$ cat work39.pdb   # PDB, C-alpha atoms
MODEL        1
ATOM      1  CA  PHE A   1       0.000   0.000   0.000  1.00  0.00           C
ATOM      2  CA  PHE A   2       3.033   2.336  -0.023  1.00  0.00           C
ATOM      3  CA  ASP A   3       2.125   3.307  -3.599  1.00  0.00           C
ATOM      4  CA  SER A   4      -1.530   4.042  -2.824  1.00  0.00           C
ATOM      5  CA  GLY A   5      -0.898   7.575  -1.596  1.00  0.00           C
ATOM      6  CA  ILE A   6      -2.879   7.062   1.626  1.00  0.00           C
ATOM      7  CA  ASP A   7      -1.711   7.129   5.239  1.00  0.00           C
ATOM      8  CA  LEU A   8      -3.094   3.921   6.723  1.00  0.00           C
ATOM      9  CA  SER A   9      -2.339   5.109  10.253  1.00  0.00           C
ATOM     10  CA  THR A  10      -5.199   7.606   9.899  1.00  0.00           C
ATOM     11  CA  ARG A  11      -7.614   5.068   8.407  1.00  0.00           C
ATOM     12  CA  LEU A  12      -7.280   1.989  10.610  1.00  0.00           C
ATOM     13  CA  SER A  13      -8.690   1.152  14.011  1.00  0.00           C
ATOM     14  CA  ALA A  14      -7.871  -1.885  16.130  1.00  0.00           C
ATOM     15  CA  GLY A  15      -9.110  -5.167  14.695  1.00  0.00           C
ATOM     16  CA  TRP A  16      -9.139  -7.067  11.412  1.00  0.00           C
ATOM     17  CA  HIS A  17      -9.225  -5.272   8.062  1.00  0.00           C
ATOM     18  CA  HIS A  18      -9.479  -6.386   4.446  1.00  0.00           C
ATOM     19  CA  PHE A  19      -6.941  -5.131   1.905  1.00  0.00           C
ATOM     20  CA  ALA A  20      -7.107  -5.719  -1.832  1.00  0.00           C
ATOM     21  CA  VAL A  21      -5.187  -4.644  -4.909  1.00  0.00           C
ATOM     22  CA  SER A  22      -6.326  -4.911  -8.527  1.00  0.00           C
ATOM     23  CA  THR A  23      -4.025  -4.323 -11.458  1.00  0.00           C
ATOM     24  CA  HIS A  24      -5.079  -2.923 -14.817  1.00  0.00           C
ATOM     25  CA  PRO A  25      -3.096  -1.957 -17.930  1.00  0.00           C
ATOM     26  CA  GLU A  26      -3.155   1.738 -16.992  1.00  0.00           C
ATOM     27  CA  ARG A  27      -3.647   1.804 -13.192  1.00  0.00           C
ATOM     28  CA  THR A  28      -3.217  -0.176 -10.001  1.00  0.00           C
ATOM     29  CA  ARG A  29      -6.152   0.273  -7.620  1.00  0.00           C
ATOM     30  CA  PHE A  30      -6.157  -0.191  -3.842  1.00  0.00           C
ATOM     31  CA  TYR A  31      -9.146  -1.128  -1.657  1.00  0.00           C
ATOM     32  CA  LEU A  32      -9.621  -0.997   2.100  1.00  0.00           C
ATOM     33  CA  ASN A  33     -12.552  -2.883   3.632  1.00  0.00           C
ATOM     34  CA  GLY A  34     -14.221  -3.072   0.236  1.00  0.00           C
ATOM     35  CA  GLN A  35     -13.958   0.651  -0.514  1.00  0.00           C
ATOM     36  CA  PRO A  36     -11.586   2.383  -2.993  1.00  0.00           C
ATOM     37  CA  ALA A  37      -8.577   3.737  -1.070  1.00  0.00           C
ATOM     38  CA  GLY A  38      -6.283   5.057  -3.805  1.00  0.00           C
ATOM     39  CA  ASP A  39      -4.586   4.282  -7.087  1.00  0.00           C
ATOM     40  CA  CYS A  40      -1.365   4.874  -8.971  1.00  0.00           C
ATOM     41  CA  ALA A  41       0.073   4.414 -12.441  1.00  0.00           C
ATOM     42  CA  SER A  42       2.901   2.101 -11.394  1.00  0.00           C
ATOM     43  CA  THR A  43       4.135   0.232  -8.346  1.00  0.00           C
ATOM     44  CA  ARG A  44       7.536  -0.741  -6.969  1.00  0.00           C
ATOM     45  CA  SER A  45       8.130  -3.807  -4.837  1.00  0.00           C
ATOM     46  CA  MET A  46       9.757  -2.734  -1.587  1.00  0.00           C
ATOM     47  CA  LEU A  47      10.217  -3.336   2.120  1.00  0.00           C
ATOM     48  CA  ARG A  48       9.817  -0.629   4.740  1.00  0.00           C
ATOM     49  CA  LEU A  49      11.959  -1.284   7.824  1.00  0.00           C
ATOM     50  CA  ASN A  50      11.141   0.683  10.970  1.00  0.00           C
ATOM     51  CA  GLY A  51      14.581   0.602  12.613  1.00  0.00           C
ATOM     52  CA  ALA A  52      13.254  -1.134  15.731  1.00  0.00           C
ATOM     53  CA  GLY A  53      12.175  -4.749  15.313  1.00  0.00           C
ATOM     54  CA  ASP A  54      12.264  -4.993  11.523  1.00  0.00           C
ATOM     55  CA  SER A  55      15.016  -6.615   9.475  1.00  0.00           C
ATOM     56  CA  VAL A  56      15.530  -9.367   6.928  1.00  0.00           C
ATOM     57  CA  GLU A  57      17.710 -12.399   7.654  1.00  0.00           C
ATOM     58  CA  VAL A  58      18.953 -14.621   4.825  1.00  0.00           C
ATOM     59  CA  PRO A  59      19.883 -18.075   6.224  1.00  0.00           C
ATOM     60  CA  ALA A  60      23.547 -18.768   7.016  1.00  0.00           C
ATOM     61  CA  HIS A  61      25.754 -19.652   4.060  1.00  0.00           C
ATOM     62  CA  SER A  62      29.395 -19.478   3.007  1.00  0.00           C
ATOM     63  CA  SER A  63      30.296 -16.169   1.394  1.00  0.00           C
ATOM     64  CA  PRO A  64      32.745 -15.691  -1.480  1.00  0.00           C
ATOM     65  CA  THR A  65      36.347 -14.913  -0.521  1.00  0.00           C
ATOM     66  CA  VAL A  66      37.830 -13.964  -3.905  1.00  0.00           C
ATOM     67  CA  ALA A  67      35.330 -11.511  -5.414  1.00  0.00           C
ATOM     68  CA  VAL A  68      31.878 -10.181  -4.566  1.00  0.00           C
ATOM     69  CA  THR A  69      29.126  -7.755  -5.607  1.00  0.00           C
ATOM     70  CA  VAL A  70      26.384  -6.461  -3.307  1.00  0.00           C
ATOM     71  CA  ALA A  71      23.682  -4.171  -4.702  1.00  0.00           C
ATOM     72  CA  VAL A  72      20.467  -2.727  -3.278  1.00  0.00           C
ATOM     73  CA  TRP A  73      17.847  -0.115  -4.121  1.00  0.00           C
ATOM     74  CA  ALA A  74      17.156   2.125  -1.098  1.00  0.00           C
ATOM     75  CA  ARG A  75      15.754   5.459  -0.005  1.00  0.00           C
ATOM     76  CA  SER A  76      15.843   7.378   3.269  1.00  0.00           C
ATOM     77  CA  ALA A  77      12.884   9.147   4.880  1.00  0.00           C
ATOM     78  CA  THR A  78      15.227  11.883   6.165  1.00  0.00           C
ATOM     79  CA  PRO A  79      17.832  14.166   4.497  1.00  0.00           C
ATOM     80  CA  THR A  80      20.626  12.383   6.399  1.00  0.00           C
ATOM     81  CA  TRP A  81      20.820   8.778   7.558  1.00  0.00           C
ATOM     82  CA  ASN A  82      18.963   8.284  10.844  1.00  0.00           C
ATOM     83  CA  SER A  83      21.311   5.641  12.258  1.00  0.00           C
ATOM     84  CA  ASP A  84      24.751   4.105  11.977  1.00  0.00           C
ATOM     85  CA  GLY A  85      22.941   1.339  10.178  1.00  0.00           C
ATOM     86  CA  VAL A  86      23.550  -1.019   7.311  1.00  0.00           C
ATOM     87  CA  LEU A  87      21.829  -1.891   4.084  1.00  0.00           C
ATOM     88  CA  ALA A  88      23.490  -5.321   4.033  1.00  0.00           C
ATOM     89  CA  SER A  89      25.725  -7.040   6.603  1.00  0.00           C
ATOM     90  CA  LYS A  90      27.570 -10.364   6.446  1.00  0.00           C
ATOM     91  CA  ARG A  91      30.277 -10.128   9.040  1.00  0.00           C
ATOM     92  CA  PRO A  92      33.114 -10.760   9.178  1.00  0.00           C
ATOM     93  CA  ALA A  93      33.183 -10.562   5.377  1.00  0.00           C
ATOM     94  CA  PHE A  94      31.490  -7.292   4.358  1.00  0.00           C
ATOM     95  CA  ILE A  95      29.007  -4.544   5.204  1.00  0.00           C
ATOM     96  CA  LEU A  96      27.257  -1.999   2.977  1.00  0.00           C
ATOM     97  CA  HIS A  97      26.828   0.644   5.637  1.00  0.00           C
ATOM     98  CA  LEU A  98      25.818   4.231   6.493  1.00  0.00           C
ATOM     99  CA  ASN A  99      27.026   6.972   8.833  1.00  0.00           C
ATOM    100  CA  VAL A 100      24.442   8.653  11.075  1.00  0.00           C
ATOM    101  CA  ASN A 101      23.666  12.359  10.472  1.00  0.00           C
ATOM    102  CA  THR A 102      25.473  12.281   7.128  1.00  0.00           C
ATOM    103  CA  ARG A 103      24.627  11.142   3.590  1.00  0.00           C
ATOM    104  CA  SER A 104      27.733   8.942   3.481  1.00  0.00           C
ATOM    105  CA  ILE A 105      27.516   5.329   2.364  1.00  0.00           C
ATOM    106  CA  GLY A 106      30.407   2.876   2.361  1.00  0.00           C
ATOM    107  CA  PHE A 107      31.249  -0.632   1.200  1.00  0.00           C
ATOM    108  CA  SER A 108      33.646  -2.232   3.686  1.00  0.00           C
ATOM    109  CA  LEU A 109      35.319  -5.617   3.501  1.00  0.00           C
ATOM    110  CA  GLN A 110      37.711  -7.405   5.824  1.00  0.00           C
ATOM    111  CA  ILE A 111      40.651  -8.183   3.555  1.00  0.00           C
ATOM    112  CA  ASN A 112      43.683 -10.026   4.916  1.00  0.00           C
ATOM    113  CA  GLY A 113      42.340  -9.357   8.411  1.00  0.00           C
ATOM    114  CA  VAL A 114      41.971  -5.565   7.981  1.00  0.00           C
ATOM    115  CA  TRP A 115      38.743  -3.648   7.281  1.00  0.00           C
ATOM    116  CA  ARG A 116      39.033  -1.541   4.114  1.00  0.00           C
ATOM    117  CA  THR A 117      36.388   0.830   2.741  1.00  0.00           C
ATOM    118  CA  ALA A 118      35.248   2.747  -0.325  1.00  0.00           C
ATOM    119  CA  ASP A 119      32.795   5.466   0.722  1.00  0.00           C
ATOM    120  CA  PHE A 120      31.044   8.502  -0.725  1.00  0.00           C
ATOM    121  CA  ALA A 121      28.414  11.087   0.250  1.00  0.00           C
ATOM    122  CA  PRO A 122      25.832  11.667  -2.534  1.00  0.00           C
ATOM    123  CA  ALA A 123      23.829  14.887  -2.805  1.00  0.00           C
ATOM    124  CA  ASP A 124      20.505  13.106  -2.182  1.00  0.00           C
ATOM    125  CA  ILE A 125      19.394   9.983  -0.322  1.00  0.00           C
ATOM    126  CA  GLN A 126      15.623  10.615  -0.086  1.00  0.00           C
ATOM    127  CA  SER A 127      14.838   9.505  -3.633  1.00  0.00           C
ATOM    128  CA  TRP A 128      15.275   5.921  -4.795  1.00  0.00           C
ATOM    129  CA  HIS A 129      18.933   5.209  -5.560  1.00  0.00           C
ATOM    130  CA  HIS A 130      20.850   2.093  -6.523  1.00  0.00           C
ATOM    131  CA  TYR A 131      23.861   1.433  -4.269  1.00  0.00           C
ATOM    132  CA  CYS A 132      26.395  -1.191  -5.296  1.00  0.00           C
ATOM    133  CA  GLY A 133      29.756  -2.346  -3.940  1.00  0.00           C
ATOM    134  CA  THR A 134      32.167  -4.658  -5.734  1.00  0.00           C
ATOM    135  CA  TYR A 135      35.538  -6.245  -4.998  1.00  0.00           C
ATOM    136  CA  ASP A 136      37.606  -7.985  -7.671  1.00  0.00           C
ATOM    137  CA  GLY A 137      40.727  -8.905  -5.716  1.00  0.00           C
ATOM    138  CA  VAL A 138      42.556  -5.632  -6.362  1.00  0.00           C
ATOM    139  CA  SER A 139      40.016  -2.814  -5.810  1.00  0.00           C
ATOM    140  CA  ILE A 140      36.877  -2.020  -3.818  1.00  0.00           C
ATOM    141  CA  ARG A 141      34.480   0.011  -5.948  1.00  0.00           C
ATOM    142  CA  LEU A 142      31.341   1.863  -4.948  1.00  0.00           C
ATOM    143  CA  TYR A 143      28.646   2.713  -7.498  1.00  0.00           C
ATOM    144  CA  ILE A 144      25.571   4.921  -7.128  1.00  0.00           C
ATOM    145  CA  ASP A 145      22.911   4.698  -9.841  1.00  0.00           C
ATOM    146  CA  GLY A 146      25.324   2.785 -12.046  1.00  0.00           C
ATOM    147  CA  VAL A 147      28.137   5.362 -11.836  1.00  0.00           C
ATOM    148  CA  GLN A 148      31.401   4.592 -10.053  1.00  0.00           C
ATOM    149  CA  VAL A 149      31.923   7.195  -7.313  1.00  0.00           C
ATOM    150  CA  LYS A 150      34.838   5.747  -5.333  1.00  0.00           C
ATOM    151  CA  GLU A 151      37.643   3.200  -5.682  1.00  0.00           C
ATOM    152  CA  THR A 152      39.991   1.940  -2.986  1.00  0.00           C
ATOM    153  CA  GLN A 153      42.895  -0.164  -4.205  1.00  0.00           C
ATOM    154  CA  VAL A 154      43.611  -3.161  -1.989  1.00  0.00           C
ATOM    155  CA  SER A 155      44.479  -6.770  -2.742  1.00  0.00           C
ATOM    156  CA  GLY A 156      43.952  -9.939  -0.798  1.00  0.00           C
ATOM    157  CA  THR A 157      41.357 -12.436   0.360  1.00  0.00           C
ATOM    158  CA  ILE A 158      37.982 -11.542   1.853  1.00  0.00           C
ATOM    159  CA  ALA A 159      37.418 -12.977   5.330  1.00  0.00           C
ATOM    160  CA  ALA A 160      35.388 -16.181   5.230  1.00  0.00           C
ATOM    161  CA  SER A 161      31.886 -15.944   6.657  1.00  0.00           C
ATOM    162  CA  SER A 162      29.335 -18.674   7.329  1.00  0.00           C
ATOM    163  CA  SER A 163      26.894 -16.349   9.100  1.00  0.00           C
ATOM    164  CA  SER A 164      23.528 -15.050   7.952  1.00  0.00           C
ATOM    165  CA  LEU A 165      23.175 -12.089   5.606  1.00  0.00           C
ATOM    166  CA  TYR A 166      21.176  -9.288   7.226  1.00  0.00           C
ATOM    167  CA  LEU A 167      19.319  -6.448   5.523  1.00  0.00           C
ATOM    168  CA  GLY A 168      18.621  -3.394   7.681  1.00  0.00           C
ATOM    169  CA  ARG A 169      20.477  -4.893  10.639  1.00  0.00           C
ATOM    170  CA  ASP A 170      24.073  -5.382  11.798  1.00  0.00           C
ATOM    171  CA  PRO A 171      24.151  -7.648  14.862  1.00  0.00           C
ATOM    172  CA  GLY A 172      27.835  -8.539  14.607  1.00  0.00           C
ATOM    173  CA  SER A 173      29.423  -5.192  15.455  1.00  0.00           C
ATOM    174  CA  GLY A 174      29.062  -5.418  19.234  1.00  0.00           C
ATOM    175  CA  VAL A 175      25.905  -3.283  19.016  1.00  0.00           C
ATOM    176  CA  ASP A 176      22.753  -4.623  17.370  1.00  0.00           C
ATOM    177  CA  HIS A 177      22.328  -1.769  14.880  1.00  0.00           C
ATOM    178  CA  ARG A 178      18.960  -1.615  13.123  1.00  0.00           C
ATOM    179  CA  PHE A 179      18.001   0.846  10.455  1.00  0.00           C
ATOM    180  CA  ALA A 180      14.801   2.584   9.295  1.00  0.00           C
ATOM    181  CA  VAL A 181      14.850   2.578   5.492  1.00  0.00           C
ATOM    182  CA  ASP A 182      12.910   1.567   2.376  1.00  0.00           C
ATOM    183  CA  LEU A 183      14.594  -1.261   0.471  1.00  0.00           C
ATOM    184  CA  GLY A 184      13.952  -2.412  -3.068  1.00  0.00           C
ATOM    185  CA  GLU A 185      15.612  -5.201  -5.037  1.00  0.00           C
ATOM    186  CA  VAL A 186      18.767  -6.693  -3.503  1.00  0.00           C
ATOM    187  CA  ALA A 187      21.343  -8.648  -5.522  1.00  0.00           C
ATOM    188  CA  TYR A 188      24.390 -10.575  -4.270  1.00  0.00           C
ATOM    189  CA  PHE A 189      26.997 -12.155  -6.581  1.00  0.00           C
ATOM    190  CA  SER A 190      30.144 -14.234  -6.116  1.00  0.00           C
ATOM    191  CA  THR A 191      31.947 -12.145  -8.731  1.00  0.00           C
ATOM    192  CA  ALA A 192      32.800  -8.486  -9.233  1.00  0.00           C
ATOM    193  CA  LEU A 193      30.428  -7.081 -11.834  1.00  0.00           C
ATOM    194  CA  SER A 194      31.893  -4.659 -14.353  1.00  0.00           C
ATOM    195  CA  GLY A 195      30.759  -1.044 -14.632  1.00  0.00           C
ATOM    196  CA  PRO A 196      28.379  -1.793 -17.542  1.00  0.00           C
ATOM    197  CA  GLN A 197      26.963  -4.792 -15.669  1.00  0.00           C
ATOM    198  CA  VAL A 198      26.330  -2.682 -12.562  1.00  0.00           C
ATOM    199  CA  ARG A 199      24.583  -0.053 -14.675  1.00  0.00           C
ATOM    200  CA  LYS A 200      22.419  -2.776 -16.220  1.00  0.00           C
ATOM    201  CA  LEU A 201      21.188  -3.673 -12.718  1.00  0.00           C
ATOM    202  CA  CYS A 202      19.666  -0.176 -12.495  1.00  0.00           C
ATOM    203  CA  PHE A 203      17.353  -0.829 -15.442  1.00  0.00           C
ATOM    204  CA  GLU A 204      16.606  -4.559 -15.353  1.00  0.00           C
ATOM    205  CA  SER A 205      15.473  -6.911 -12.609  1.00  0.00           C
ATOM    206  CA  VAL A 206      17.933  -9.670 -11.847  1.00  0.00           C
ATOM    207  CA  ALA A 207      17.141 -12.969 -13.556  1.00  0.00           C
ATOM    208  CA  THR A 208      17.102 -15.987 -11.243  1.00  0.00           C
ATOM    209  CA  ASN A 209      19.538 -17.814 -13.552  1.00  0.00           C
ATOM    210  CA  GLU A 210      22.024 -14.953 -13.658  1.00  0.00           C
ATOM    211  CA  PRO A 211      25.628 -16.283 -13.612  1.00  0.00           C
ATOM    212  CA  PHE A 212      27.316 -16.099 -10.161  1.00  0.00           C
ATOM    213  CA  LEU A 213      24.082 -14.955  -8.500  1.00  0.00           C
ATOM    214  CA  ILE A 214      23.899 -15.999  -4.836  1.00  0.00           C
ATOM    215  CA  GLY A 215      20.576 -14.347  -4.091  1.00  0.00           C
TER     216      GLY A 215
ENDMDL
END
$ encode --input "work39.pdb" --output "structure tokens"
Amino acid sequence: FFDSGIDLSTRLSAGWHHFAVSTHPERTRFYLNGQPAGDCASTRSMLRLNGAGDSVEVPAHSSPTVAVTVAVWARSATPTWNSDGVLASKRPAFILHLNVNTRSIGFSLQINGVWRTADFAPADIQSWHHYCGTYDGVSIRLYIDGVQVKETQVSGTIAASSSSLYLGRDPGSGVDHRFAVDLGEVAYFSTALSGPQVRKLCFESVATNEPFLIG
């Protein structure tokens, strides 16, 4: 219902309610308790995390140690990030993270036992943007909306991780950081995508049979 244009907090009372959505070639229509509640021309699949109890946990698995790509669509409700949170965390291997009260975003990996980062502060974080970090064995690269904005040269092996992958949460830093944010499509590869491949992610949904796709 995020695309309906209505504030459900002003429309709902305690108890059960019926929600429905109907799609048409030109419009998507939303219904609340059998009555029209709003419509829009297009919708975007997304998750809204509240920064308190919300997060997504992908079951534990072995992460790549040679090369990796992590990409996510996200938007902030505030002009600066509201927490020292993360978009994606798989410690001790990598985090795609944010710095509170700034617009800075960084992709950090533990390489040869040392955390190394490529970070950048974009002009806007309140619109939908595509954030992507890659590591190819010699450089960490950070992309925003398909454009490379930072590169940190470093070589070595990524720390092995058999933990869960968390979205909107970073429980492995000593403090259980959670983060209020809207998240769209997330993609995770066991290879470093090239610049053109990263840009392609901005315009096409990831196919389930994409080479090197982990999830």
$ closest_residue --input "work39.pdb" --among "A:Gln35, A:Thr65, A:Ser55, A:Thr157" --to "A:His177" --atoms "all atoms listed in the file"
A:Ser55
$ resolve_selection --input "work39.pdb" --expression "the PyMOL selection byres ((chain A and resi 76-81) around 7)" --output "PDB file with C-alpha atoms, keeping the file's coordinate frame"
ATOM      1  CA  ALA A  74      17.156   2.125  -1.098  1.00  0.00           C
ATOM      2  CA  ARG A  75      15.754   5.459  -0.005  1.00  0.00           C
ATOM      3  CA  ASN A  82      18.963   8.284  10.844  1.00  0.00           C
ATOM      4  CA  SER A  83      21.311   5.641  12.258  1.00  0.00           C
ATOM      5  CA  LEU A  98      25.818   4.231   6.493  1.00  0.00           C
ATOM      6  CA  ASN A  99      27.026   6.972   8.833  1.00  0.00           C
ATOM      7  CA  VAL A 100      24.442   8.653  11.075  1.00  0.00           C
ATOM      8  CA  ASN A 101      23.666  12.359  10.472  1.00  0.00           C
ATOM      9  CA  THR A 102      25.473  12.281   7.128  1.00  0.00           C
ATOM     10  CA  ARG A 103      24.627  11.142   3.590  1.00  0.00           C
ATOM     11  CA  ILE A 125      19.394   9.983  -0.322  1.00  0.00           C
ATOM     12  CA  GLN A 126      15.623  10.615  -0.086  1.00  0.00           C
ATOM     13  CA  VAL A 181      14.850   2.578   5.492  1.00  0.00           C
ATOM     14  CA  ASP A 182      12.910   1.567   2.376  1.00  0.00           C
TER      15      ASP A 182
END
$ resolve_selection --input "work39.pdb" --expression "the PyMOL selection byres ((chain A and resi 119) around 8)" --output "list in words"
Ser104, Ile105, Gly106, Phe107, Thr117, Ala118, Phe120, Ala121, Leu142 and Lys150 of chain A
$ write_last_selection --input "work39.pdb" --atoms "C-alpha atoms" --output "mmCIF file, in the coordinates of the input"
data_model
loop_
_atom_site.group_PDB
_atom_site.id
_atom_site.type_symbol
_atom_site.label_atom_id
_atom_site.label_comp_id
_atom_site.auth_asym_id
_atom_site.auth_seq_id
_atom_site.Cartn_x
_atom_site.Cartn_y
_atom_site.Cartn_z
ATOM 1 C CA SER A 104 27.733 8.942 3.481
ATOM 2 C CA ILE A 105 27.516 5.329 2.364
ATOM 3 C CA GLY A 106 30.407 2.876 2.361
ATOM 4 C CA PHE A 107 31.249 -0.632 1.200
ATOM 5 C CA THR A 117 36.388 0.830 2.741
ATOM 6 C CA ALA A 118 35.248 2.747 -0.325
ATOM 7 C CA PHE A 120 31.044 8.502 -0.725
ATOM 8 C CA ALA A 121 28.414 11.087 0.250
ATOM 9 C CA LEU A 142 31.341 1.863 -4.948
ATOM 10 C CA LYS A 150 34.838 5.747 -5.333
#
$ residues_around --input "work39.pdb" --residues "A:Phe94" --least-positions-apart "5" --cutoff "8 Å" --atoms "all atoms listed in the file" --output "list in words"
Ser89, Phe107, Ser108, Leu109 and Gln110 of chain A
$ resolve_selection --input "work39.pdb" --expression "the PyMOL selection byres ((chain A and resi 34) around 12)" --output "ChimeraX atom specification"
/A:17-22,29-33,35-37
$ atom_distance --input "work39.pdb" --atom1 "atom CA of A:Arg48" --atom2 "atom CA of A:Ser62"
27.2 Å
$ closest_residue --input "work39.pdb" --among "A:Leu49, A:Val72, A:Ile158, A:Ile214" --to "A:Tyr131" --atoms "only C-alpha atoms"
A:Val72
$ residues_around --input "work39.pdb" --residues "stretch 186-202 of chain A" --least-positions-apart "6" --cutoff "10 Å" --atoms "only C-alpha atoms" --output "ChimeraX atom specification"
/A:63-74,87-88,129-137,139-141,143-148,167,210-215
$ build_atoms --input "work39.pdb" --residues "stretch 15-31 of chain A" --atoms "N, CA, C and O atoms" --output "short mmCIF file (atom, residue, chain, number, x, y, z; two decimals), keeping the file's coordinate frame"
data_model
loop_
_atom_site.label_atom_id
_atom_site.label_comp_id
_atom_site.auth_asym_id
_atom_site.auth_seq_id
_atom_site.Cartn_x
_atom_site.Cartn_y
_atom_site.Cartn_z
N GLY A 15 -8.27 -4.09 15.21
CA GLY A 15 -9.11 -5.17 14.70
C GLY A 15 -8.68 -5.60 13.31
O GLY A 15 -7.69 -5.12 12.76
N TRP A 16 -9.45 -6.53 12.73
CA TRP A 16 -9.14 -7.07 11.41
C TRP A 16 -9.62 -6.12 10.31
O TRP A 16 -10.64 -5.46 10.46
N HIS A 17 -8.85 -6.07 9.22
CA HIS A 17 -9.22 -5.27 8.06
C HIS A 17 -8.94 -6.07 6.79
O HIS A 17 -8.10 -6.96 6.78
N HIS A 18 -9.65 -5.72 5.73
CA HIS A 18 -9.48 -6.39 4.45
C HIS A 18 -8.79 -5.44 3.47
O HIS A 18 -9.25 -4.32 3.24
N PHE A 19 -7.67 -5.90 2.90
CA PHE A 19 -6.94 -5.13 1.90
C PHE A 19 -6.99 -5.86 0.57
O PHE A 19 -6.91 -7.09 0.53
N ALA A 20 -7.10 -5.11 -0.50
CA ALA A 20 -7.11 -5.72 -1.83
C ALA A 20 -6.44 -4.78 -2.83
O ALA A 20 -6.47 -3.56 -2.67
N VAL A 21 -5.83 -5.40 -3.84
CA VAL A 21 -5.19 -4.64 -4.91
C VAL A 21 -5.61 -5.26 -6.23
O VAL A 21 -5.60 -6.48 -6.39
N SER A 22 -6.01 -4.43 -7.18
CA SER A 22 -6.33 -4.91 -8.53
C SER A 22 -5.46 -4.17 -9.53
O SER A 22 -5.27 -2.95 -9.42
N THR A 23 -4.90 -4.91 -10.46
CA THR A 23 -4.03 -4.32 -11.46
C THR A 23 -4.73 -4.25 -12.80
O THR A 23 -5.46 -5.16 -13.18
N HIS A 24 -4.51 -3.17 -13.50
CA HIS A 24 -5.08 -2.92 -14.82
C HIS A 24 -3.96 -2.40 -15.72
O HIS A 24 -2.90 -1.99 -15.24
N PRO A 25 -4.16 -2.42 -17.03
CA PRO A 25 -3.10 -1.96 -17.93
C PRO A 25 -2.61 -0.54 -17.63
O PRO A 25 -1.43 -0.24 -17.77
N GLU A 26 -3.54 0.34 -17.21
CA GLU A 26 -3.16 1.74 -16.99
C GLU A 26 -2.97 2.10 -15.52
O GLU A 26 -2.22 3.01 -15.20
N ARG A 27 -3.67 1.41 -14.60
CA ARG A 27 -3.65 1.80 -13.19
C ARG A 27 -3.59 0.59 -12.28
O ARG A 27 -4.00 -0.52 -12.66
N THR A 28 -3.10 0.80 -11.08
CA THR A 28 -3.22 -0.18 -10.00
C THR A 28 -4.12 0.44 -8.95
O THR A 28 -3.89 1.57 -8.51
N ARG A 29 -5.17 -0.27 -8.54
CA ARG A 29 -6.15 0.27 -7.62
C ARG A 29 -6.08 -0.45 -6.27
O ARG A 29 -5.90 -1.67 -6.22
N PHE A 30 -6.27 0.33 -5.20
CA PHE A 30 -6.16 -0.19 -3.84
C PHE A 30 -7.50 -0.07 -3.14
O PHE A 30 -8.19 0.95 -3.28
N TYR A 31 -7.86 -1.11 -2.35
CA TYR A 31 -9.15 -1.13 -1.66
C TYR A 31 -8.92 -1.45 -0.19
O TYR A 31 -8.09 -2.30 0.16
#
